[in-house]
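What follows is the content of my_file-v4.pdb (PDB, C-alpha atoms, pLDDT in the B column).
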```pdb
ATOM      1  CA  MET I   1      27.043   3.886  -2.629  1.00 42.00           C
ATOM      2  CA  ALA I   2      24.849   4.057   0.441  1.00 42.00           C
ATOM      3  CA  VAL I   3      22.253   1.338   0.794  1.00 59.00           C
ATOM      4  CA  HIS I   4      18.762   2.881   0.639  1.00 78.00           C
ATOM      5  CA  GLY I   5      17.019  -0.248   1.868  1.00 89.00           C
ATOM      6  CA  ARG I   6      16.640  -3.981   1.397  1.00 93.00           C
ATOM      7  CA  VAL I   7      14.215  -5.193  -1.290  1.00 96.00           C
ATOM      8  CA  LEU I   8      12.947  -8.728  -1.833  1.00 96.00           C
ATOM      9  CA  VAL I   9      12.076  -9.422  -5.499  1.00 97.00           C
ATOM     10  CA  VAL I  10       9.685 -12.365  -5.930  1.00 96.00           C
ATOM     11  CA  ASP I  11       9.060 -13.590  -9.481  1.00 95.00           C
ATOM     12  CA  ASP I  12       9.237 -16.996 -11.151  1.00 93.00           C
ATOM     13  CA  GLU I  13      10.783 -15.544 -14.322  1.00 93.00           C
ATOM     14  CA  PRO I  14      14.599 -15.460 -14.029  1.00 94.00           C
ATOM     15  CA  ALA I  15      14.875 -12.602 -16.544  1.00 94.00           C
ATOM     16  CA  VAL I  16      12.504 -10.419 -14.516  1.00 94.00           C
ATOM     17  CA  ARG I  17      14.339 -11.121 -11.266  1.00 94.00           C
ATOM     18  CA  ASP I  18      17.705 -10.388 -12.885  1.00 95.00           C
ATOM     19  CA  VAL I  19      16.660  -7.110 -14.513  1.00 95.00           C
ATOM     20  CA  LEU I  20      14.937  -5.773 -11.405  1.00 95.00           C
ATOM     21  CA  ALA I  21      17.830  -6.801  -9.161  1.00 95.00           C
ATOM     22  CA  ARG I  22      20.383  -5.076 -11.401  1.00 94.00           C
ATOM     23  CA  TYR I  23      18.412  -1.817 -11.599  1.00 93.00           C
ATOM     24  CA  LEU I  24      17.678  -1.744  -7.878  1.00 94.00           C
ATOM     25  CA  GLU I  25      21.288  -2.514  -6.943  1.00 94.00           C
ATOM     26  CA  ARG I  26      22.451   0.203  -9.325  1.00 92.00           C
ATOM     27  CA  ASP I  27      20.147   2.629  -7.498  1.00 90.00           C
ATOM     28  CA  GLY I  28      21.618   1.744  -4.112  1.00 90.00           C
ATOM     29  CA  PHE I  29      19.377  -1.038  -2.777  1.00 93.00           C
ATOM     30  CA  ASP I  30      20.407  -4.328  -1.218  1.00 93.00           C
ATOM     31  CA  VAL I  31      18.436  -6.976  -3.144  1.00 95.00           C
ATOM     32  CA  ASP I  32      17.373 -10.533  -2.379  1.00 95.00           C
ATOM     33  CA  THR I  33      15.315 -12.680  -4.768  1.00 96.00           C
ATOM     34  CA  ALA I  34      12.906 -15.614  -4.637  1.00 96.00           C
ATOM     35  CA  ALA I  35      11.435 -17.738  -7.432  1.00 95.00           C
ATOM     36  CA  ASP I  36       8.357 -19.196  -5.720  1.00 94.00           C
ATOM     37  CA  GLY I  37       5.990 -18.539  -2.848  1.00 94.00           C
ATOM     38  CA  GLU I  38       7.555 -20.847  -0.287  1.00 94.00           C
ATOM     39  CA  ASP I  39      11.029 -19.442  -0.902  1.00 95.00           C
ATOM     40  CA  ALA I  40       9.617 -15.899  -0.711  1.00 95.00           C
ATOM     41  CA  ILE I  41       8.180 -16.451   2.767  1.00 95.00           C
ATOM     42  CA  ALA I  42      11.385 -18.100   3.982  1.00 95.00           C
ATOM     43  CA  ARG I  43      13.546 -15.266   2.641  1.00 95.00           C
ATOM     44  CA  PHE I  44      11.220 -12.657   4.083  1.00 96.00           C
ATOM     45  CA  ASP I  45      11.521 -14.261   7.516  1.00 94.00           C
ATOM     46  CA  ALA I  46      15.307 -14.388   7.213  1.00 94.00           C
ATOM     47  CA  ALA I  47      15.940 -10.867   5.897  1.00 90.00           C
ATOM     48  CA  ARG I  48      12.885  -8.775   6.911  1.00 92.00           C
ATOM     49  CA  PRO I  49      13.226  -6.477   3.874  1.00 94.00           C
ATOM     50  CA  ASP I  50      12.059  -2.867   3.775  1.00 93.00           C
ATOM     51  CA  LEU I  51       9.875  -3.639   0.753  1.00 94.00           C
ATOM     52  CA  VAL I  52       8.710  -6.628  -1.299  1.00 96.00           C
ATOM     53  CA  LEU I  53       8.176  -6.657  -5.067  1.00 96.00           C
ATOM     54  CA  LEU I  54       5.721  -9.522  -5.430  1.00 95.00           C
ATOM     55  CA  ASP I  55       4.535 -11.259  -8.596  1.00 92.00           C
ATOM     56  CA  LEU I  56       1.009 -12.640  -8.224  1.00 88.00           C
ATOM     57  CA  MET I  57       1.436 -15.657 -10.515  1.00 88.00           C
ATOM     58  CA  LEU I  58       3.806 -17.887  -8.556  1.00 91.00           C
ATOM     59  CA  PRO I  59       4.287 -21.650  -8.342  1.00 87.00           C
ATOM     60  CA  ARG I  60       3.576 -23.599  -5.134  1.00 84.00           C
ATOM     61  CA  ILE I  61       2.033 -20.672  -3.246  1.00 91.00           C
ATOM     62  CA  ASP I  62       0.471 -17.804  -5.205  1.00 90.00           C
ATOM     63  CA  GLY I  63       1.203 -14.146  -4.636  1.00 91.00           C
ATOM     64  CA  PHE I  64      -1.995 -13.469  -2.687  1.00 91.00           C
ATOM     65  CA  GLU I  65      -1.134 -16.133  -0.107  1.00 93.00           C
ATOM     66  CA  VAL I  66       2.429 -14.841   0.105  1.00 94.00           C
ATOM     67  CA  PHE I  67       1.078 -11.342   0.703  1.00 93.00           C
ATOM     68  CA  ARG I  68      -1.177 -12.550   3.523  1.00 91.00           C
ATOM     69  CA  ALA I  69       1.756 -14.376   5.114  1.00 94.00           C
ATOM     70  CA  ILE I  70       3.882 -11.217   4.921  1.00 93.00           C
ATOM     71  CA  ARG I  71       1.143  -9.020   6.340  1.00 88.00           C
ATOM     72  CA  ALA I  72       0.637 -11.439   9.242  1.00 88.00           C
ATOM     73  CA  ARG I  73       4.300 -10.910  10.118  1.00 89.00           C
ATOM     74  CA  SER I  74       4.966  -7.273   9.279  1.00 86.00           C
ATOM     75  CA  GLU I  75       3.709  -4.020   7.799  1.00 82.00           C
ATOM     76  CA  SER I  76       6.577  -3.931   5.286  1.00 88.00           C
ATOM     77  CA  PRO I  77       5.315  -2.277   2.080  1.00 90.00           C
ATOM     78  CA  VAL I  78       4.427  -4.576  -0.819  1.00 92.00           C
ATOM     79  CA  ILE I  79       4.304  -3.616  -4.500  1.00 91.00           C
ATOM     80  CA  MET I  80       2.481  -6.211  -6.583  1.00 89.00           C
ATOM     81  CA  LEU I  81       3.488  -7.138 -10.131  1.00 89.00           C
ATOM     82  CA  THR I  82       0.432  -7.856 -12.271  1.00 82.00           C
ATOM     83  CA  ALA I  83      -0.226  -8.779 -15.894  1.00 76.00           C
ATOM     84  CA  ARG I  84      -1.195  -5.786 -18.003  1.00 58.00           C
ATOM     85  CA  GLY I  85      -4.954  -5.433 -18.213  1.00 59.00           C
ATOM     86  CA  ASP I  86      -5.600  -7.902 -15.373  1.00 62.00           C
ATOM     87  CA  VAL I  87      -7.929  -5.571 -13.519  1.00 66.00           C
ATOM     88  CA  THR I  88      -9.327  -8.259 -11.216  1.00 67.00           C
ATOM     89  CA  ASP I  89      -5.946  -9.162  -9.717  1.00 67.00           C
ATOM     90  CA  ARG I  90      -5.075  -5.494  -9.396  1.00 66.00           C
ATOM     91  CA  VAL I  91      -8.260  -4.628  -7.522  1.00 70.00           C
ATOM     92  CA  VAL I  92      -8.037  -7.673  -5.250  1.00 72.00           C
ATOM     93  CA  GLY I  93      -4.416  -6.823  -4.469  1.00 71.00           C
ATOM     94  CA  LEU I  94      -5.322  -3.288  -3.511  1.00 71.00           C
ATOM     95  CA  GLU I  95      -8.314  -4.430  -1.483  1.00 72.00           C
ATOM     96  CA  ILE I  96      -6.225  -6.734   0.688  1.00 75.00           C
ATOM     97  CA  GLY I  97      -3.759  -3.942   1.379  1.00 77.00           C
ATOM     98  CA  ALA I  98      -0.993  -3.792  -1.233  1.00 82.00           C
ATOM     99  CA  ASP I  99       0.795  -0.439  -1.302  1.00 81.00           C
ATOM    100  CA  ASP I 100       1.163  -0.193  -5.066  1.00 81.00           C
ATOM    101  CA  TYR I 101       1.008  -2.253  -8.247  1.00 81.00           C
ATOM    102  CA  VAL I 102       3.055  -2.342 -11.427  1.00 84.00           C
ATOM    103  CA  SER I 103       1.712  -3.812 -14.659  1.00 83.00           C
ATOM    104  CA  LYS I 104       3.876  -6.027 -16.846  1.00 85.00           C
ATOM    105  CA  PRO I 105       5.640  -5.257 -19.092  1.00 85.00           C
ATOM    106  CA  PHE I 106       7.171  -2.444 -17.069  1.00 87.00           C
ATOM    107  CA  SER I 107      10.060  -0.015 -17.119  1.00 88.00           C
ATOM    108  CA  PRO I 108      12.692  -1.160 -14.572  1.00 90.00           C
ATOM    109  CA  SER I 109      13.620   2.459 -13.903  1.00 88.00           C
ATOM    110  CA  GLU I 110       9.983   3.270 -13.091  1.00 85.00           C
ATOM    111  CA  VAL I 111       9.811   0.287 -10.719  1.00 90.00           C
ATOM    112  CA  SER I 112      12.945   1.511  -8.949  1.00 89.00           C
ATOM    113  CA  ALA I 113      11.438   5.000  -8.638  1.00 86.00           C
ATOM    114  CA  ARG I 114       8.276   3.559  -7.113  1.00 86.00           C
ATOM    115  CA  VAL I 115      10.298   1.465  -4.678  1.00 90.00           C
ATOM    116  CA  ARG I 116      12.163   4.576  -3.512  1.00 87.00           C
ATOM    117  CA  ALA I 117       8.926   6.525  -3.138  1.00 83.00           C
ATOM    118  CA  VAL I 118       7.098   3.830  -1.182  1.00 84.00           C
ATOM    119  CA  ILE I 119      10.026   3.216   1.198  1.00 86.00           C
ATOM    120  CA  ARG I 120      10.467   6.957   1.710  1.00 82.00           C
ATOM    121  CA  ARG I 121       6.792   7.413   2.489  1.00 78.00           C
ATOM    122  CA  ALA I 122       6.747   4.450   4.897  1.00 77.00           C
ATOM    123  CA  ARG I 123       9.761   5.765   6.786  1.00 76.00           C
ATOM    124  CA  ARG I 124       8.335   9.282   6.933  1.00 72.00           C
ATOM    125  CA  ALA I 125       5.021   7.997   8.284  1.00 68.00           C
ATOM    126  CA  SER I 126       6.749   5.841  10.886  1.00 66.00           C
ATOM    127  CA  ALA I 127       8.952   8.707  12.087  1.00 61.00           C
ATOM    128  CA  SER I 128       6.057  11.133  12.469  1.00 59.00           C
ATOM    129  CA  GLU I 129       3.461   8.864  14.047  1.00 56.00           C
ATOM    130  CA  GLY I 130       4.477   9.596  17.627  1.00 54.00           C
ATOM    131  CA  ALA I 131       4.100  13.349  17.121  1.00 58.00           C
ATOM    132  CA  ARG I 132       0.620  13.214  15.606  1.00 69.00           C
ATOM    133  CA  PRO I 133      -2.279  13.790  18.019  1.00 81.00           C
ATOM    134  CA  ALA I 134      -5.222  11.455  18.378  1.00 87.00           C
ATOM    135  CA  LEU I 135      -8.337  12.441  16.443  1.00 90.00           C
ATOM    136  CA  ARG I 136     -11.852  12.055  17.860  1.00 92.00           C
ATOM    137  CA  PHE I 137     -15.119  12.675  16.041  1.00 92.00           C
ATOM    138  CA  ASP I 138     -18.199  11.594  17.998  1.00 87.00           C
ATOM    139  CA  ASN I 139     -18.132   7.804  17.597  1.00 89.00           C
ATOM    140  CA  LEU I 140     -14.881   7.615  15.614  1.00 93.00           C
ATOM    141  CA  GLU I 141     -11.419   7.602  17.241  1.00 94.00           C
ATOM    142  CA  ILE I 142      -8.103   7.552  15.356  1.00 93.00           C
ATOM    143  CA  GLU I 143      -4.859   7.019  17.274  1.00 91.00           C
ATOM    144  CA  PRO I 144      -1.731   7.529  15.111  1.00 87.00           C
ATOM    145  CA  ARG I 145       0.724   6.419  17.802  1.00 83.00           C
ATOM    146  CA  THR I 146      -0.728   2.899  17.958  1.00 84.00           C
ATOM    147  CA  ARG I 147      -2.413   3.004  14.526  1.00 85.00           C
ATOM    148  CA  GLU I 148      -5.691   2.000  16.166  1.00 90.00           C
ATOM    149  CA  VAL I 149      -9.158   3.016  15.034  1.00 94.00           C
ATOM    150  CA  ARG I 150     -12.383   2.561  16.960  1.00 93.00           C
ATOM    151  CA  SER I 151     -15.861   3.093  15.571  1.00 92.00           C
ATOM    152  CA  HIS I 152     -18.794   3.212  18.002  1.00 88.00           C
ATOM    153  CA  GLY I 153     -16.441   1.831  20.628  1.00 88.00           C
ATOM    154  CA  GLU I 154     -15.416  -1.200  18.581  1.00 91.00           C
ATOM    155  CA  PRO I 155     -11.906  -1.713  17.162  1.00 92.00           C
ATOM    156  CA  VAL I 156     -11.618  -1.480  13.375  1.00 93.00           C
ATOM    157  CA  GLY I 157      -9.004  -3.518  11.548  1.00 88.00           C
ATOM    158  CA  LEU I 158      -7.389  -1.427   8.804  1.00 87.00           C
ATOM    159  CA  THR I 159      -4.530  -2.129   6.440  1.00 83.00           C
ATOM    160  CA  PRO I 160      -1.594   0.310   6.706  1.00 81.00           C
ATOM    161  CA  LYS I 161      -2.699   2.170   3.578  1.00 84.00           C
ATOM    162  CA  GLU I 162      -6.317   2.366   4.727  1.00 89.00           C
ATOM    163  CA  PHE I 163      -5.156   3.862   8.017  1.00 90.00           C
ATOM    164  CA  GLU I 164      -2.990   6.446   6.271  1.00 88.00           C
ATOM    165  CA  LEU I 165      -5.819   7.469   3.947  1.00 92.00           C
ATOM    166  CA  LEU I 166      -8.332   7.790   6.786  1.00 94.00           C
ATOM    167  CA  HIS I 167      -5.896   9.703   8.992  1.00 93.00           C
ATOM    168  CA  PHE I 168      -4.968  12.109   6.210  1.00 91.00           C
ATOM    169  CA  LEU I 169      -8.584  12.925   5.324  1.00 94.00           C
ATOM    170  CA  ALA I 170      -9.606  13.190   8.989  1.00 94.00           C
ATOM    171  CA  SER I 171      -6.652  15.522   9.645  1.00 92.00           C
ATOM    172  CA  ASN I 172      -8.052  17.853   6.976  1.00 92.00           C
ATOM    173  CA  PRO I 173     -11.794  17.806   7.704  1.00 92.00           C
ATOM    174  CA  ARG I 174     -14.099  19.169   5.013  1.00 93.00           C
ATOM    175  CA  ASP I 175     -11.172  19.790   2.629  1.00 94.00           C
ATOM    176  CA  VAL I 176     -11.844  18.182  -0.746  1.00 94.00           C
ATOM    177  CA  PHE I 177      -9.082  16.130  -2.373  1.00 93.00           C
ATOM    178  CA  SER I 178      -9.098  14.689  -5.855  1.00 92.00           C
ATOM    179  CA  ARG I 179      -7.990  11.096  -6.344  1.00 89.00           C
ATOM    180  CA  TYR I 180      -4.820  12.344  -8.015  1.00 85.00           C
ATOM    181  CA  GLN I 181      -4.036  14.593  -5.052  1.00 86.00           C
ATOM    182  CA  LEU I 182      -4.470  11.638  -2.704  1.00 88.00           C
ATOM    183  CA  LEU I 183      -2.205   9.509  -4.896  1.00 83.00           C
ATOM    184  CA  ASP I 184       0.449  12.184  -4.795  1.00 78.00           C
ATOM    185  CA  GLU I 185       0.134  12.678  -1.030  1.00 80.00           C
ATOM    186  CA  LEU I 186      -0.090   9.049   0.113  1.00 80.00           C
ATOM    187  CA  TRP I 187       1.423   6.985  -2.671  1.00 71.00           C
ATOM    188  CA  ASP I 188       3.991   9.528  -3.956  1.00 57.00           C
ATOM    189  CA  VAL I 189       3.859   8.132  -7.489  1.00 53.00           C
ATOM    190  CA  ALA I 190       1.786   8.371 -10.648  1.00 48.00           C
ATOM    191  CA  PHE I 191      -0.327   5.283 -11.254  1.00 47.00           C
ATOM    192  CA  ASP I 192      -0.204   5.339 -15.059  1.00 51.00           C
ATOM    193  CA  GLY I 193      -3.032   7.858 -14.960  1.00 47.00           C
ATOM    194  CA  ASP I 194      -5.277   5.306 -13.208  1.00 60.00           C
ATOM    195  CA  PRO I 195      -6.642   6.533  -9.857  1.00 76.00           C
ATOM    196  CA  SER I 196      -8.737   3.408  -9.219  1.00 80.00           C
ATOM    197  CA  THR I 197      -6.582   2.473  -6.236  1.00 81.00           C
ATOM    198  CA  VAL I 198      -7.991   5.448  -4.308  1.00 88.00           C
ATOM    199  CA  THR I 199     -11.543   4.424  -5.197  1.00 89.00           C
ATOM    200  CA  VAL I 200     -10.876   0.905  -3.921  1.00 87.00           C
ATOM    201  CA  HIS I 201      -9.403   2.101  -0.631  1.00 90.00           C
ATOM    202  CA  VAL I 202     -12.242   4.575  -0.011  1.00 93.00           C
ATOM    203  CA  ARG I 203     -14.794   1.830  -0.648  1.00 92.00           C
ATOM    204  CA  ARG I 204     -13.020  -0.518   1.770  1.00 90.00           C
ATOM    205  CA  LEU I 205     -12.838   2.208   4.424  1.00 94.00           C
ATOM    206  CA  ARG I 206     -16.541   2.916   4.090  1.00 95.00           C
ATOM    207  CA  GLU I 207     -17.307  -0.765   4.604  1.00 94.00           C
ATOM    208  CA  LYS I 208     -15.366  -0.649   7.861  1.00 93.00           C
ATOM    209  CA  ILE I 209     -16.330   2.678   9.464  1.00 94.00           C
ATOM    210  CA  GLU I 210     -19.709   3.662   7.983  1.00 93.00           C
ATOM    211  CA  ARG I 211     -22.977   2.374   9.400  1.00 91.00           C
ATOM    212  CA  ASP I 212     -24.372   2.306   5.855  1.00 93.00           C
ATOM    213  CA  PRO I 213     -21.536   2.246   3.271  1.00 92.00           C
ATOM    214  CA  SER I 214     -24.013   3.001   0.480  1.00 92.00           C
ATOM    215  CA  LYS I 215     -24.907   6.272   2.230  1.00 93.00           C
ATOM    216  CA  PRO I 216     -21.604   7.421   3.751  1.00 94.00           C
ATOM    217  CA  ARG I 217     -21.622  10.179   6.349  1.00 93.00           C
ATOM    218  CA  ARG I 218     -17.887  10.374   7.051  1.00 94.00           C
ATOM    219  CA  LEU I 219     -16.129   9.678   3.734  1.00 95.00           C
ATOM    220  CA  VAL I 220     -18.193  11.770   1.373  1.00 95.00           C
ATOM    221  CA  THR I 221     -17.912  11.855  -2.408  1.00 95.00           C
ATOM    222  CA  VAL I 222     -17.840  15.308  -3.956  1.00 94.00           C
ATOM    223  CA  TRP I 223     -19.043  14.451  -7.430  1.00 92.00           C
ATOM    224  CA  GLY I 224     -16.699  15.438 -10.207  1.00 89.00           C
ATOM    225  CA  VAL I 225     -13.982  16.454  -7.722  1.00 92.00           C
ATOM    226  CA  GLY I 226     -13.001  13.800  -5.184  1.00 93.00           C
ATOM    227  CA  TYR I 227     -13.527  13.036  -1.491  1.00 96.00           C
ATOM    228  CA  ARG I 228     -13.769  14.818   1.832  1.00 96.00           C
ATOM    229  CA  PHE I 229     -13.979  13.779   5.472  1.00 96.00           C
ATOM    230  CA  GLU I 230     -17.085  15.064   7.244  1.00 95.00           C
ATOM    231  CA  PRO I 231     -16.448  15.549  10.983  1.00 91.00           C
TER     232      PRO I 231
END
```
Could you quickly redo this structure as structure tokens?
Amino acid sequence: MAVHGRVLVVDDEPAVRDVLARYLERDGFDVDTAADGEDAIARFDAARPDLVLLDLMLPRIDGFEVFRAIRARSESPVIMLTARGDVTDRVVGLEIGADDYVSKPFSPSEVSARVRAVIRRARRASASEGARPALRFDNLEIEPRTREVRSHGEPVGLTPKEFELLHFLASNPRDVFSRYQLLDELWDVAFDGDPSTVTVHVRRLREKIERDPSKPRRLVTVWGVGYRFEP
């Protein structure tokens, strides 16, 4: 079977690591595992996986610190594993730039499907970046080739997912997209019927590119429908 990518599974529960590794290997992935935060960072440095499945509750170094260490090294996608109903961890994970989350207990087959979708989307975005033109709207510049954004002449630091969301909306000015449409376009998976990840990313983008995030002029809410980019 062809290898579809390398995945690092980080969880302190042996049963979780074993089940996820078996399902992912069955679906054609090369899998490495880590049981704590320090080991996760070391294995990431050694293998540079295509994606990391990262539990937040880890010994020695917690999942948030591991995520920051990974993001300082690479833009490899990260799917966070969170306790069911732990909304705070989920929102914080999305705010700092996680690509997806999965609540425990989970279906291993669903996790594998999400891994495939996120890796596929990341590869597609990487392959097409060089062909996408720069976008300029008055005081906002978006450069897909270098993934740079400037607002009023100043560089704006965006996570990979924030950049993709902004670029997609700006590439379709004035078109209105529901949160579910944005999930389907940019995340490729259903989020258990919970579109809050889009809300979080829009809020973070507004904080970074809007002069007054409470009165956005670029990322506009269309009440009862979704969001649009106003050029």
Ranking I:Val19, I:Val225, I:Leu165, I:Leu183 by minimum distance to Arg206 of chain I and counting all atoms listed in the file, which one comes first? I:Leu165
Skipping near chain neighbours, those fewer than 3 positions away, what residues fall within 8 Å of Phe67 of chain I using all atoms listed in the file, listed as a short mmCIF file (atom, residue, chain, number, x, y, z; two decimals) with C-alpha atoms, keeping the file's coordinate frame?
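Generated output (part-v4.cif):
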```cif
data_model
loop_
_atom_site.label_atom_id
_atom_site.label_comp_id
_atom_site.auth_asym_id
_atom_site.auth_seq_id
_atom_site.Cartn_x
_atom_site.Cartn_y
_atom_site.Cartn_z
CA LEU I 54 5.72 -9.52 -5.43
CA GLY I 63 1.20 -14.15 -4.64
CA PHE I 64 -2.00 -13.47 -2.69
CA ILE I 70 3.88 -11.22 4.92
CA ARG I 71 1.14 -9.02 6.34
CA VAL I 78 4.43 -4.58 -0.82
#
```
Using the chain letters and numbers from the file, which residues does the PyMOL selection byres ((chain I and resi 181) around 12) grab, as a list in words?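 Against this file, the PyMOL selection byres ((chain I and resi 181) around 12) returns the residues Leu165, Phe168, Leu169, Asp175, Val176, Phe177, Ser178, Arg179, Tyr180, Leu182, Leu183, Asp184, Glu185, Leu186, Trp187, Asp188, Val189, Ala190, Phe191, Pro195, Val198, Val225, Gly226, Tyr227 and Arg228 of chain I.
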Residue nearest Ser112 of chain I - candidates I:Pro173, I:Ile79, I:Asp55, I:Thr33, atoms counted: all atoms listed in the file: I:Ile79
Check which residues satisfy the PyMOL selection byres ((chain I and resi 59) around 10) in the file shown, then give them as a VMD selection string. chain I and resid 11 to 12 35 to 38 56 to 58 60 to 63
Using the selection just defined, write its residues with C-alpha atoms as a PDB file, keeping the file's coordinate frame.
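Writing the result to result25.pdb gives the following:
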```
ATOM      1  CA  ASP I  11       9.060 -13.590  -9.481  1.00 95.00           C
ATOM      2  CA  ASP I  12       9.237 -16.996 -11.151  1.00 93.00           C
ATOM      3  CA  ALA I  35      11.435 -17.738  -7.432  1.00 95.00           C
ATOM      4  CA  ASP I  36       8.357 -19.196  -5.720  1.00 94.00           C
ATOM      5  CA  GLY I  37       5.990 -18.539  -2.848  1.00 94.00           C
ATOM      6  CA  GLU I  38       7.555 -20.847  -0.287  1.00 94.00           C
ATOM      7  CA  LEU I  56       1.009 -12.640  -8.224  1.00 88.00           C
ATOM      8  CA  MET I  57       1.436 -15.657 -10.515  1.00 88.00           C
ATOM      9  CA  LEU I  58       3.806 -17.887  -8.556  1.00 91.00           C
ATOM     10  CA  ARG I  60       3.576 -23.599  -5.134  1.00 84.00           C
ATOM     11  CA  ILE I  61       2.033 -20.672  -3.246  1.00 91.00           C
ATOM     12  CA  ASP I  62       0.471 -17.804  -5.205  1.00 90.00           C
ATOM     13  CA  GLY I  63       1.203 -14.146  -4.636  1.00 91.00           C
TER      14      GLY I  63
END
```
Ground truth for the PyMOL selection byres ((chain I and resi 163) around 9), written as a short mmCIF file (atom, residue, chain, number, x, y, z; two decimals) with C-alpha atoms, keeping the file's coordinate frame:
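Result file is out-v9.cif:
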```
data_model
loop_
_atom_site.label_atom_id
_atom_site.label_comp_id
_atom_site.auth_asym_id
_atom_site.auth_seq_id
_atom_site.Cartn_x
_atom_site.Cartn_y
_atom_site.Cartn_z
CA ILE I 142 -8.10 7.55 15.36
CA PRO I 144 -1.73 7.53 15.11
CA ARG I 147 -2.41 3.00 14.53
CA GLU I 148 -5.69 2.00 16.17
CA VAL I 149 -9.16 3.02 15.03
CA LEU I 158 -7.39 -1.43 8.80
CA THR I 159 -4.53 -2.13 6.44
CA PRO I 160 -1.59 0.31 6.71
CA LYS I 161 -2.70 2.17 3.58
CA GLU I 162 -6.32 2.37 4.73
CA GLU I 164 -2.99 6.45 6.27
CA LEU I 165 -5.82 7.47 3.95
CA LEU I 166 -8.33 7.79 6.79
CA HIS I 167 -5.90 9.70 8.99
CA PHE I 168 -4.97 12.11 6.21
CA LEU I 205 -12.84 2.21 4.42
#
```
For atom CA of Pro77 of chain I and atom CA of Leu135 of chain I, determine how far apart the two atoms are, in Å to one decimal place.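 Straight-line distance from atom CA of Pro77 of chain I to atom CA of Leu135 of chain I works out to 24.7 Å.
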Can you tell me which residues surround Pro231 of chain I at a distance of at most 8 Å, considering only C-alpha atoms, apart from same-chain residues fewer than 3 positions away, and format the answer as a PDB file with C-alpha atoms, in the coordinates of the input?
```pdb
ATOM      1  CA  PHE I 137     -15.119  12.675  16.041  1.00 92.00           C
ATOM      2  CA  ALA I 170      -9.606  13.190   8.989  1.00 94.00           C
ATOM      3  CA  PRO I 173     -11.794  17.806   7.704  1.00 92.00           C
ATOM      4  CA  ARG I 174     -14.099  19.169   5.013  1.00 93.00           C
ATOM      5  CA  ARG I 218     -17.887  10.374   7.051  1.00 94.00           C
TER       6      ARG I 218
END
```
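Minimum distance to Glu230 of chain I across I:Asn172, I:Lys208, I:Val91, I:Ser214 (counting only C-alpha atoms) occurs at I:Asn172.
Take atom CA of Val92 of chain I and atom CA of Thr197 of chain I: the distance between them is 10.3 Å.
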re atom CA of Ser74 of chain I and atom CA of Ala122 of chain I: distance 12.6 Å
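With all atoms listed in the file as the atoms that count, the residue of I:Glu25, I:Glu141, I:Glu95, I:Glu154 with the shortest distance to Val200 of chain I is I:Glu95.
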Against segment 27-31 of chain I, which residues of segment 88-153 of chain I fall within 12 Å? For each one I want the closest pair of atoms and the distance in Å (one decimal), counting all atoms listed in the file, rows by chain and increasing residue number, as a Markdown table.
```
| residue | atom | partner | partner_atom | distance |
| --- | --- | --- | --- | --- |
| I:Pro108 | CA | I:Asp27 | CA | 11.0 |
| I:Ser109 | CA | I:Asp27 | CA | 9.1 |
| I:Glu110 | CA | I:Asp27 | CA | 11.6 |
| I:Val111 | CA | I:Asp27 | CA | 11.1 |
| I:Ser112 | CA | I:Asp27 | CA | 7.4 |
| I:Ala113 | CA | I:Asp27 | CA | 9.1 |
| I:Arg114 | CA | I:Asp27 | CA | 11.9 |
| I:Val115 | CA | I:Phe29 | CA | 9.6 |
| I:Arg116 | CA | I:Asp27 | CA | 9.1 |
| I:Ile119 | CA | I:Phe29 | CA | 11.0 |
```
Could you check the closest approach to Arg48 of chain I for each of I:Arg73, I:Arg68, I:Lys104, I:Arg123 and tell me which residue wins, using only C-alpha atoms?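 The answer is I:Arg73, which sits nearest to Arg48 of chain I.
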Using all atoms listed in the file, find the one residue out of I:Asp45, I:Glu65, I:Glu13, I:Glu210 that sits nearest to His152 of chain I. I:Glu210
